[in-house]
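Comments concern the structure below.
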Amino acid sequence: MRRVGLLACALVACGDASVHSVADAPRETPDAPTGGGVPDGGPTGGGVPDAPIGGGVPDAPTGGSDAGVVAIWYTGVNLAGAEFGDQNLPGTYGTDYIYPNAGEVDYFVGKGLTIFRIAFRWERLQRALNADLDATEAGRLDAIVGYATAAGARVILDPHNYARYHGSLVGSAQVPYSAFADFWGRLAARYGPNPRVVFGLVNEPNTMPTEQWLAAANAAIAAIRGAGASNLVLVPGNAWTGAWTWSLSWYGTPNAQVMLGVVDPAGNYAYEVHQYLDVDGSGTSPTCVSNTIGVERLTAFTQWLRDHGRRAFLGELAGGDNVTCRDAVGAMLDHIDANRDRWIGWSWWAAGPWWGNYFFTLEPSGPVDAPQLQWLLPHL
C-alpha cells in the first residue's frame with residue numbers, strides 16, 4: 001500500500017481518532033516515484049498454545065522450490081490501522097494509529113478467510129535501530145497475532161515501511177543492512193515458534209536500485225534463519241512490487257533479473273507482488289480499466305514464475321464496487337486458481353477499524369457485508 005507521499009498520514013485529522021479520510025490512501029504506481037487493538041482480549045503472546053516449537057510451517061508450501069500444487073491455499077485480507085499516522089512517529093496509540101480488533105478476526109474467519117496481513121510501522125516496534133523491541137508496542141502486535149492464530153488463521157507480519165526507516169533507505173549509511181537484519185532477527189526469535197506466522201519482509205520497496213533491495217532482503221532472510229525460524233518468508237520486489245512491472249526496467253535492473261538472487265537456506269519463501277486494476281496500477285481509483293485487465297497484468301509474471309520454478313503470493317489486490325471491477329477481480333482470481341502450482345494465494349486490500357467509507361474496504365456496514373466480499377467467496 002502506498003500513500004500519496006511516503007510519510008503522508010492516512011488520517012486527515014490525525015489527532016482525532018473519530019475523523020478519518022482516504023484522500024491520501026494507498027498504492028503502488030508504475031511511473032511516478034512518490035514517495036483497534038486487542039489490548040485486553042485474546043492471547044497476549046505470539047504463540048499458539050499447541051503449536052510446535054521451532055517455527056516451521058510443516059504443511060505450507062516451500063515457495064522457493066518447484067514442488068507441485070501448494071498444500072495450503074492462503075486467502076485473506078489486509079488488516080490496516082497500525083501503520084496509520086506515519087507523519088507522527090511513533091505517535092499516540094488510539095489517536096494516530098490503531099490495531100485491528102478481535103471482532104474483525106472473528107468476522108472474517110467466519111466468512112472463510114484464512115490469512116491476515118497485519119500492517120505496522122518498524123519505527124514504532126523498534127524505537128531505535130538495533131534496540132530491543134518496544135515492550136508496549138510488541139504487546140499490541142502479540143495480541144492480534146495470538147488471537148488470529150489461535151482462531152485458526154495465519155498472519156503475515158507486514159512492516160509497512162517501503163524499505164525505509166524514518167525515511168532513510170535500508171542499505172544507506174543511516175540504515176545499514178545490518179540494522180534491517182537485526183530487526184528481522186528479533187521478530188523471528190519472537191514469532192518463529194508460531195508456525196502460523198508468515199514473515200513479509202517489508203511493504204513495497206521503491207525508488208532504489210533493485211540490487212540494493214536484494215541485498216537487504218537476503219540480509220533479513222539470513223537473520224531469520226539464523227534465529228532458528230523456518231517460517232514461510234514473503235519477498236517483495238522493487239518498484240512497489242507490481243506484478244505487471246516485474247520485467248520492466250524503468251526503475252533500474254528488472255525484478256525479473258535481480259530477484260532470482262534470493263538466498264534462503266530453508267528454501268521456504270515466495271515472492272510477494274501487488275496488483276491494482278486502475279489505469280496506472282496505483283489503486284487510487286475505484287475504476288478498473290477493463291474486465292480483463294487483471295489477467296492481462298498477471299499473465300507474464302505467472303509465466304516468469306513457471307519458467308523459473310518459483311511461487312508467489314498476491315499480497316494486495318482490490319477493485320471498486322462496480323461491474324467492471326467485479327468481473328476483472330473474478331477473472332484475475334480465476335487465473336490464480338488455475339495456476340496453483342505457481343501461486344499460493346492472495347489477500348484483499350483492505351479492512352481495518354478506521355477505514356470508514358473507503359472504496360475498497362471489506363469491512364461490513366452493520367449487518368451488511370461489503371459488496372466485494374461476495375466476489376471473493378467462490379475463491380476461498
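Residues in the C-alpha cells are numbered from 1 in each chain, the chains being A, B, ... in the order shown, and ligands are numbered from 1 in the order shown.
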Residues within 7 Å of region 197-199 of chain A, only C-alpha atoms, excluding chain neighbours under 2 positions, as a VMD selection string: chain A and resid 154 to 157 191 194 to 195 201 231 to 234
Let's have the selection written as an mmCIF file, in the first residue's frame, with C-alpha atoms.
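Writing done, so here's again_28.cif:
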```cif
data_model
loop_
_atom_site.group_PDB
_atom_site.id
_atom_site.type_symbol
_atom_site.label_atom_id
_atom_site.label_comp_id
_atom_site.auth_asym_id
_atom_site.auth_seq_id
_atom_site.Cartn_x
_atom_site.Cartn_y
_atom_site.Cartn_z
ATOM 1 C CA ARG A 154 -2.472 -17.378 9.673
ATOM 2 C CA VAL A 155 -0.874 -13.960 9.998
ATOM 3 C CA ILE A 156 1.580 -12.168 7.724
ATOM 4 C CA LEU A 157 3.754 -9.695 9.617
ATOM 5 C CA TYR A 191 7.323 -15.171 16.358
ATOM 6 C CA ASN A 194 4.366 -19.918 15.962
ATOM 7 C CA PRO A 195 4.013 -21.974 12.756
ATOM 8 C CA LEU A 201 9.912 -8.633 4.757
ATOM 9 C CA ASN A 231 8.541 -19.924 8.761
ATOM 10 C CA LEU A 232 7.469 -19.002 5.241
ATOM 11 C CA VAL A 233 9.066 -15.706 4.099
ATOM 12 C CA LEU A 234 7.404 -13.408 1.550
#
```
Those of region 300-354 of chain A in DSSP alpha helix (DSSP H), formatted as a VMD selection string: chain A and resid 300 to 308 323 to 338
Next, dump the selected residues to file, keeping only N, CA, C and O atoms, as an mmCIF file, in the first residue's frame.
```
data_model
loop_
_atom_site.group_PDB
_atom_site.id
_atom_site.type_symbol
_atom_site.label_atom_id
_atom_site.label_comp_id
_atom_site.auth_asym_id
_atom_site.auth_seq_id
_atom_site.Cartn_x
_atom_site.Cartn_y
_atom_site.Cartn_z
ATOM 1 N N ALA A 300 2.134 -12.423 -17.683
ATOM 2 C CA ALA A 300 3.581 -12.521 -17.915
ATOM 3 C C ALA A 300 4.312 -12.907 -16.641
ATOM 4 O O ALA A 300 5.279 -13.683 -16.670
ATOM 5 N N PHE A 301 3.864 -12.381 -15.509
ATOM 6 C CA PHE A 301 4.517 -12.724 -14.246
ATOM 7 C C PHE A 301 4.302 -14.197 -13.915
ATOM 8 O O PHE A 301 5.224 -14.882 -13.460
ATOM 9 N N THR A 302 3.098 -14.699 -14.140
ATOM 10 C CA THR A 302 2.846 -16.120 -13.896
ATOM 11 C C THR A 302 3.764 -16.979 -14.758
ATOM 12 O O THR A 302 4.303 -17.994 -14.293
ATOM 13 N N GLN A 303 3.962 -16.567 -16.003
ATOM 14 C CA GLN A 303 4.865 -17.328 -16.872
ATOM 15 C C GLN A 303 6.296 -17.266 -16.366
ATOM 16 O O GLN A 303 7.033 -18.259 -16.428
ATOM 17 N N TRP A 304 6.705 -16.106 -15.841
ATOM 18 C CA TRP A 304 8.057 -15.980 -15.256
ATOM 19 C C TRP A 304 8.210 -16.945 -14.088
ATOM 20 O O TRP A 304 9.244 -17.615 -13.958
ATOM 21 N N LEU A 305 7.199 -17.029 -13.240
ATOM 22 C CA LEU A 305 7.242 -17.987 -12.135
ATOM 23 C C LEU A 305 7.423 -19.408 -12.654
ATOM 24 O O LEU A 305 8.245 -20.176 -12.143
ATOM 25 N N ARG A 306 6.668 -19.745 -13.671
ATOM 26 C CA ARG A 306 6.750 -21.110 -14.204
ATOM 27 C C ARG A 306 8.109 -21.366 -14.854
ATOM 28 O O ARG A 306 8.710 -22.437 -14.681
ATOM 29 N N ASP A 307 8.594 -20.396 -15.592
ATOM 30 C CA ASP A 307 9.874 -20.559 -16.267
ATOM 31 C C ASP A 307 11.012 -20.815 -15.287
ATOM 32 O O ASP A 307 11.979 -21.507 -15.614
ATOM 33 N N HIS A 308 10.884 -20.232 -14.083
ATOM 34 C CA HIS A 308 11.983 -20.310 -13.114
ATOM 35 C C HIS A 308 11.662 -21.196 -11.913
ATOM 36 O O HIS A 308 12.443 -21.263 -10.965
ATOM 37 N N VAL A 323 -19.438 -3.138 -11.853
ATOM 38 C CA VAL A 323 -19.483 -4.377 -12.621
ATOM 39 C C VAL A 323 -18.148 -4.688 -13.270
ATOM 40 O O VAL A 323 -17.695 -5.847 -13.278
ATOM 41 N N THR A 324 -17.489 -3.681 -13.825
ATOM 42 C CA THR A 324 -16.207 -3.931 -14.493
ATOM 43 C C THR A 324 -15.187 -4.479 -13.517
ATOM 44 O O THR A 324 -14.480 -5.457 -13.815
ATOM 45 N N CYS A 325 -15.079 -3.866 -12.337
ATOM 46 C CA CYS A 325 -14.126 -4.358 -11.345
ATOM 47 C C CYS A 325 -14.526 -5.736 -10.833
ATOM 48 O O CYS A 325 -13.664 -6.597 -10.618
ATOM 49 N N ARG A 326 -15.812 -5.957 -10.649
ATOM 50 C CA ARG A 326 -16.257 -7.289 -10.213
ATOM 51 C C ARG A 326 -15.778 -8.358 -11.179
ATOM 52 O O ARG A 326 -15.220 -9.384 -10.785
ATOM 53 N N ASP A 327 -15.977 -8.109 -12.472
ATOM 54 C CA ASP A 327 -15.587 -9.099 -13.470
ATOM 55 C C ASP A 327 -14.069 -9.211 -13.574
ATOM 56 O O ASP A 327 -13.530 -10.316 -13.758
ATOM 57 N N ALA A 328 -13.368 -8.079 -13.448
ATOM 58 C CA ALA A 328 -11.905 -8.101 -13.548
ATOM 59 C C ALA A 328 -11.281 -8.845 -12.380
ATOM 60 O O ALA A 328 -10.342 -9.635 -12.558
ATOM 61 N N VAL A 329 -11.795 -8.596 -11.174
ATOM 62 C CA VAL A 329 -11.280 -9.300 -9.995
ATOM 63 C C VAL A 329 -11.586 -10.788 -10.102
ATOM 64 O O VAL A 329 -10.725 -11.640 -9.831
ATOM 65 N N GLY A 330 -12.796 -11.125 -10.504
ATOM 66 C CA GLY A 330 -13.150 -12.534 -10.628
ATOM 67 C C GLY A 330 -12.271 -13.260 -11.626
ATOM 68 O O GLY A 330 -11.801 -14.379 -11.366
ATOM 69 N N ALA A 331 -12.010 -12.630 -12.760
ATOM 70 C CA ALA A 331 -11.159 -13.255 -13.768
ATOM 71 C C ALA A 331 -9.723 -13.389 -13.279
ATOM 72 O O ALA A 331 -9.056 -14.400 -13.550
ATOM 73 N N MET A 332 -9.240 -12.383 -12.544
ATOM 74 C CA MET A 332 -7.878 -12.451 -12.010
ATOM 75 C C MET A 332 -7.752 -13.579 -11.001
ATOM 76 O O MET A 332 -6.765 -14.332 -11.011
ATOM 77 N N LEU A 333 -8.743 -13.736 -10.138
ATOM 78 C CA LEU A 333 -8.695 -14.830 -9.166
ATOM 79 C C LEU A 333 -8.880 -16.184 -9.848
ATOM 80 O O LEU A 333 -8.297 -17.187 -9.414
ATOM 81 N N ASP A 334 -9.658 -16.235 -10.932
ATOM 82 C CA ASP A 334 -9.747 -17.468 -11.715
ATOM 83 C C ASP A 334 -8.366 -17.839 -12.259
ATOM 84 O O ASP A 334 -7.980 -19.018 -12.266
ATOM 85 N N HIS A 335 -7.627 -16.834 -12.723
ATOM 86 C CA HIS A 335 -6.273 -17.069 -13.241
ATOM 87 C C HIS A 335 -5.361 -17.634 -12.164
ATOM 88 O O HIS A 335 -4.620 -18.596 -12.407
ATOM 89 N N ILE A 336 -5.443 -17.069 -10.970
ATOM 90 C CA ILE A 336 -4.623 -17.571 -9.874
ATOM 91 C C ILE A 336 -5.043 -18.989 -9.500
ATOM 92 O O ILE A 336 -4.205 -19.875 -9.292
ATOM 93 N N ASP A 337 -6.359 -19.229 -9.435
ATOM 94 C CA ASP A 337 -6.854 -20.574 -9.128
ATOM 95 C C ASP A 337 -6.331 -21.598 -10.129
ATOM 96 O O ASP A 337 -6.006 -22.734 -9.772
ATOM 97 N N ALA A 338 -6.269 -21.202 -11.383
ATOM 98 C CA ALA A 338 -5.860 -22.124 -12.442
ATOM 99 C C ALA A 338 -4.357 -22.364 -12.461
ATOM 100 O O ALA A 338 -3.888 -23.242 -13.188
#
```
Got a sec to tell me which of region 223-309 of chain A DSSP assigns to strand (DSSP E or B), as a compact mmCIF listing (two decimals) with N, CA and C atoms, in the first residue's frame?
```txt
# COMPACT_ATOMS: atom_id res chain seq x y z
N VAL A 233 8.67 -17.10 4.28
CA VAL A 233 9.07 -15.71 4.10
C VAL A 233 8.51 -15.22 2.77
N LEU A 234 7.88 -14.05 2.77
CA LEU A 234 7.40 -13.41 1.55
C LEU A 234 8.36 -12.29 1.17
N VAL A 235 8.89 -12.37 -0.04
CA VAL A 235 9.92 -11.44 -0.51
C VAL A 235 9.34 -10.56 -1.61
N PRO A 236 9.16 -9.26 -1.36
CA PRO A 236 8.67 -8.37 -2.42
C PRO A 236 9.79 -7.99 -3.37
N GLY A 242 5.02 -4.36 -8.16
CA GLY A 242 3.92 -4.60 -9.07
C GLY A 242 4.17 -5.82 -9.94
N TYR A 269 10.35 -19.77 0.80
CA TYR A 269 9.96 -18.40 0.51
C TYR A 269 9.09 -18.37 -0.73
N ALA A 270 8.38 -17.25 -0.88
CA ALA A 270 7.63 -16.96 -2.10
C ALA A 270 7.77 -15.47 -2.35
N TYR A 271 7.63 -15.07 -3.61
CA TYR A 271 7.63 -13.64 -3.92
C TYR A 271 6.26 -13.05 -3.59
N GLU A 272 6.28 -11.84 -3.07
CA GLU A 272 5.03 -11.12 -2.85
C GLU A 272 4.91 -10.01 -3.87
N VAL A 273 3.82 -10.02 -4.64
CA VAL A 273 3.55 -8.96 -5.59
C VAL A 273 2.20 -8.34 -5.28
N HIS A 274 1.99 -7.12 -5.77
CA HIS A 274 0.72 -6.42 -5.62
C HIS A 274 0.21 -6.07 -7.02
N GLN A 275 -1.10 -6.03 -7.17
CA GLN A 275 -1.65 -5.66 -8.47
C GLN A 275 -3.01 -5.00 -8.34
```
Pick from A:Ile144, A:Ala138, A:Ala239, A:Pro286 nearest to Thr253 (chain A), counting only C-alpha atoms: A:Ala239
Atom pair CA of Phe360 (chain A) / CA of Gly281 (chain A): separation (Å):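 Going from CA of Phe360 (chain A) over to CA of Gly281 (chain A), I get 14.3 Å.
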Within 7 Å of region 181-186 of chain A using only C-alpha atoms, minus same-chain residues under 5 positions, as JSON, numbers by chain: {"A": [130, 219, 220, 223, 224, 227]}
Selected residue, from A:Pro193, A:Pro176, A:Gly94, A:Gly237, that lies nearest to Tyr162 (chain A) when counting only C-alpha atoms: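 Under the stated criterion, the closest residue is A:Gly237.
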Selection: 12 Å around Pro254 (chain A), only C-alpha atoms, excl. self and same-chain fewer than 3 positions, as a ChimeraX atom specification: /A:208-211,213-214,237-239,241-251,257-260
Selection near Ser168 (chain A), 12 Å with only C-alpha atoms, sequence-local residues under 2 positions removed, as a list in words: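 Using only C-alpha atoms, the neighbours found are Leu6, Leu7, Gly35, Glu123, Leu129, Asn161, Tyr162, Ala163, Arg164, Tyr165, His166, Val170, Gly171, Ser172, Ala173, Gln174, Val175, Pro176, Tyr177, Ala179, Phe180, Pro205, Asn206, Thr207 and Met208 of chain A.
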Output file for the residues above (N, CA, C and O atoms, as a short mmCIF file (atom, residue, chain, number, x, y, z; two decimals), in the first residue's frame):
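Result file part-v9.cif:
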```
data_model
loop_
_atom_site.label_atom_id
_atom_site.label_comp_id
_atom_site.auth_asym_id
_atom_site.auth_seq_id
_atom_site.Cartn_x
_atom_site.Cartn_y
_atom_site.Cartn_z
N LEU A 6 5.49 9.26 0.83
CA LEU A 6 5.84 8.11 1.66
C LEU A 6 5.47 8.29 3.11
O LEU A 6 5.20 7.34 3.82
N LEU A 7 5.49 9.54 3.59
CA LEU A 7 5.22 9.76 5.00
C LEU A 7 3.88 10.43 5.22
O LEU A 7 3.63 10.99 6.28
N GLY A 35 6.91 9.41 -3.44
CA GLY A 35 7.29 8.83 -2.26
C GLY A 35 6.28 7.73 -1.68
O GLY A 35 5.72 7.02 -2.42
N GLU A 123 9.26 1.75 12.97
CA GLU A 123 9.71 2.77 13.92
C GLU A 123 8.96 2.71 15.24
O GLU A 123 9.49 3.17 16.27
N LEU A 129 17.34 1.96 16.02
CA LEU A 129 17.95 0.84 15.31
C LEU A 129 18.79 0.01 16.26
O LEU A 129 19.49 0.54 17.12
N ASN A 161 6.80 -0.18 5.56
CA ASN A 161 7.85 0.84 5.60
C ASN A 161 8.51 1.16 4.28
O ASN A 161 9.41 2.00 4.24
N TYR A 162 8.16 0.48 3.21
CA TYR A 162 8.71 0.82 1.89
C TYR A 162 10.24 0.73 1.84
O TYR A 162 10.90 1.48 1.13
N ALA A 163 10.81 -0.19 2.65
CA ALA A 163 12.27 -0.38 2.75
C ALA A 163 12.96 0.87 3.28
O ALA A 163 14.07 1.21 2.88
N ARG A 164 12.30 1.52 4.24
CA ARG A 164 12.84 2.73 4.85
C ARG A 164 12.64 2.69 6.36
O ARG A 164 11.76 2.00 6.86
N TYR A 165 13.45 3.47 7.06
CA TYR A 165 13.30 3.69 8.50
C TYR A 165 13.45 5.19 8.72
O TYR A 165 14.51 5.76 8.39
N HIS A 166 12.40 5.83 9.20
CA HIS A 166 12.37 7.29 9.31
C HIS A 166 12.82 7.95 8.01
O HIS A 166 13.55 8.94 8.01
N VAL A 170 16.89 1.36 3.55
CA VAL A 170 17.70 0.24 4.01
C VAL A 170 18.86 0.07 3.03
O VAL A 170 18.67 0.09 1.81
N GLY A 171 20.04 -0.06 3.58
CA GLY A 171 21.24 -0.14 2.75
C GLY A 171 21.95 1.18 2.60
O GLY A 171 22.97 1.27 1.91
N SER A 172 21.44 2.23 3.26
CA SER A 172 22.10 3.53 3.28
C SER A 172 23.00 3.61 4.50
O SER A 172 22.99 2.73 5.38
N ALA A 173 23.78 4.70 4.58
CA ALA A 173 24.63 4.90 5.75
C ALA A 173 23.80 5.04 7.02
O ALA A 173 24.21 4.61 8.09
N GLN A 174 22.60 5.64 6.89
CA GLN A 174 21.74 5.85 8.06
C GLN A 174 21.08 4.55 8.53
O GLN A 174 20.83 4.38 9.73
N VAL A 175 20.76 3.67 7.58
CA VAL A 175 20.08 2.41 7.91
C VAL A 175 20.82 1.27 7.20
O VAL A 175 20.41 0.81 6.13
N PRO A 176 21.91 0.81 7.76
CA PRO A 176 22.68 -0.25 7.09
C PRO A 176 21.90 -1.56 7.04
O PRO A 176 20.95 -1.78 7.79
N TYR A 177 22.34 -2.43 6.15
CA TYR A 177 21.70 -3.74 6.03
C TYR A 177 21.66 -4.46 7.38
O TYR A 177 20.70 -5.17 7.69
N ALA A 179 21.13 -3.31 10.26
CA ALA A 179 20.01 -2.86 11.10
C ALA A 179 18.71 -3.56 10.70
O ALA A 179 17.90 -3.94 11.55
N PHE A 180 18.50 -3.71 9.39
CA PHE A 180 17.32 -4.42 8.91
C PHE A 180 17.39 -5.89 9.34
O PHE A 180 16.40 -6.48 9.77
N PRO A 205 9.02 -1.98 -1.43
CA PRO A 205 10.27 -1.25 -1.67
C PRO A 205 10.15 -0.44 -2.96
O PRO A 205 9.53 -0.88 -3.93
N ASN A 206 10.76 0.75 -2.98
CA ASN A 206 10.66 1.58 -4.18
C ASN A 206 11.73 2.65 -4.20
O ASN A 206 12.32 2.98 -3.18
N THR A 207 11.95 3.20 -5.40
CA THR A 207 12.86 4.33 -5.61
C THR A 207 14.24 4.03 -5.03
O THR A 207 14.79 4.79 -4.25
N MET A 208 14.78 2.90 -5.45
CA MET A 208 16.09 2.45 -5.02
C MET A 208 16.61 1.46 -6.06
O MET A 208 15.81 0.92 -6.83
#
```
Selected residue of minimal separation from Leu187 (chain A) among A:Asp86, A:Glu204, A:Glu363, A:Asp158, counting only C-alpha atoms: A:Asp158
Leu277 (chain A) surroundings by only C-alpha atoms, 10 Å radius, close-in-sequence under 3 positions cut, as a PyMOL selection string: chain A and resi 280-297+317-320+325+328-329+332
So that each row is one residue of region 86-182 of chain A with an atom at most 10 Å from region 367-377 of chain A, can you give its shortest atom pair and the distance in Å to one decimal, using only C-alpha atoms, rows by chain and rising number, as a Markdown table?
```
| residue | atom | partner | partner_atom | distance |
| --- | --- | --- | --- | --- |
| A:Phe108 | CA | A:Leu373 | CA | 9.8 |
| A:Lys111 | CA | A:Leu377 | CA | 7.9 |
| A:Gly112 | CA | A:Leu377 | CA | 7.7 |
| A:Leu113 | CA | A:Leu377 | CA | 8.5 |
```
Nearest to Arg127 (chain A), chosen from A:Val262, A:Gly91, A:Glu83, A:Leu380, with only C-alpha atoms counted in the distances: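 Distance minimum relative to Arg127 (chain A) lands on A:Gly91.
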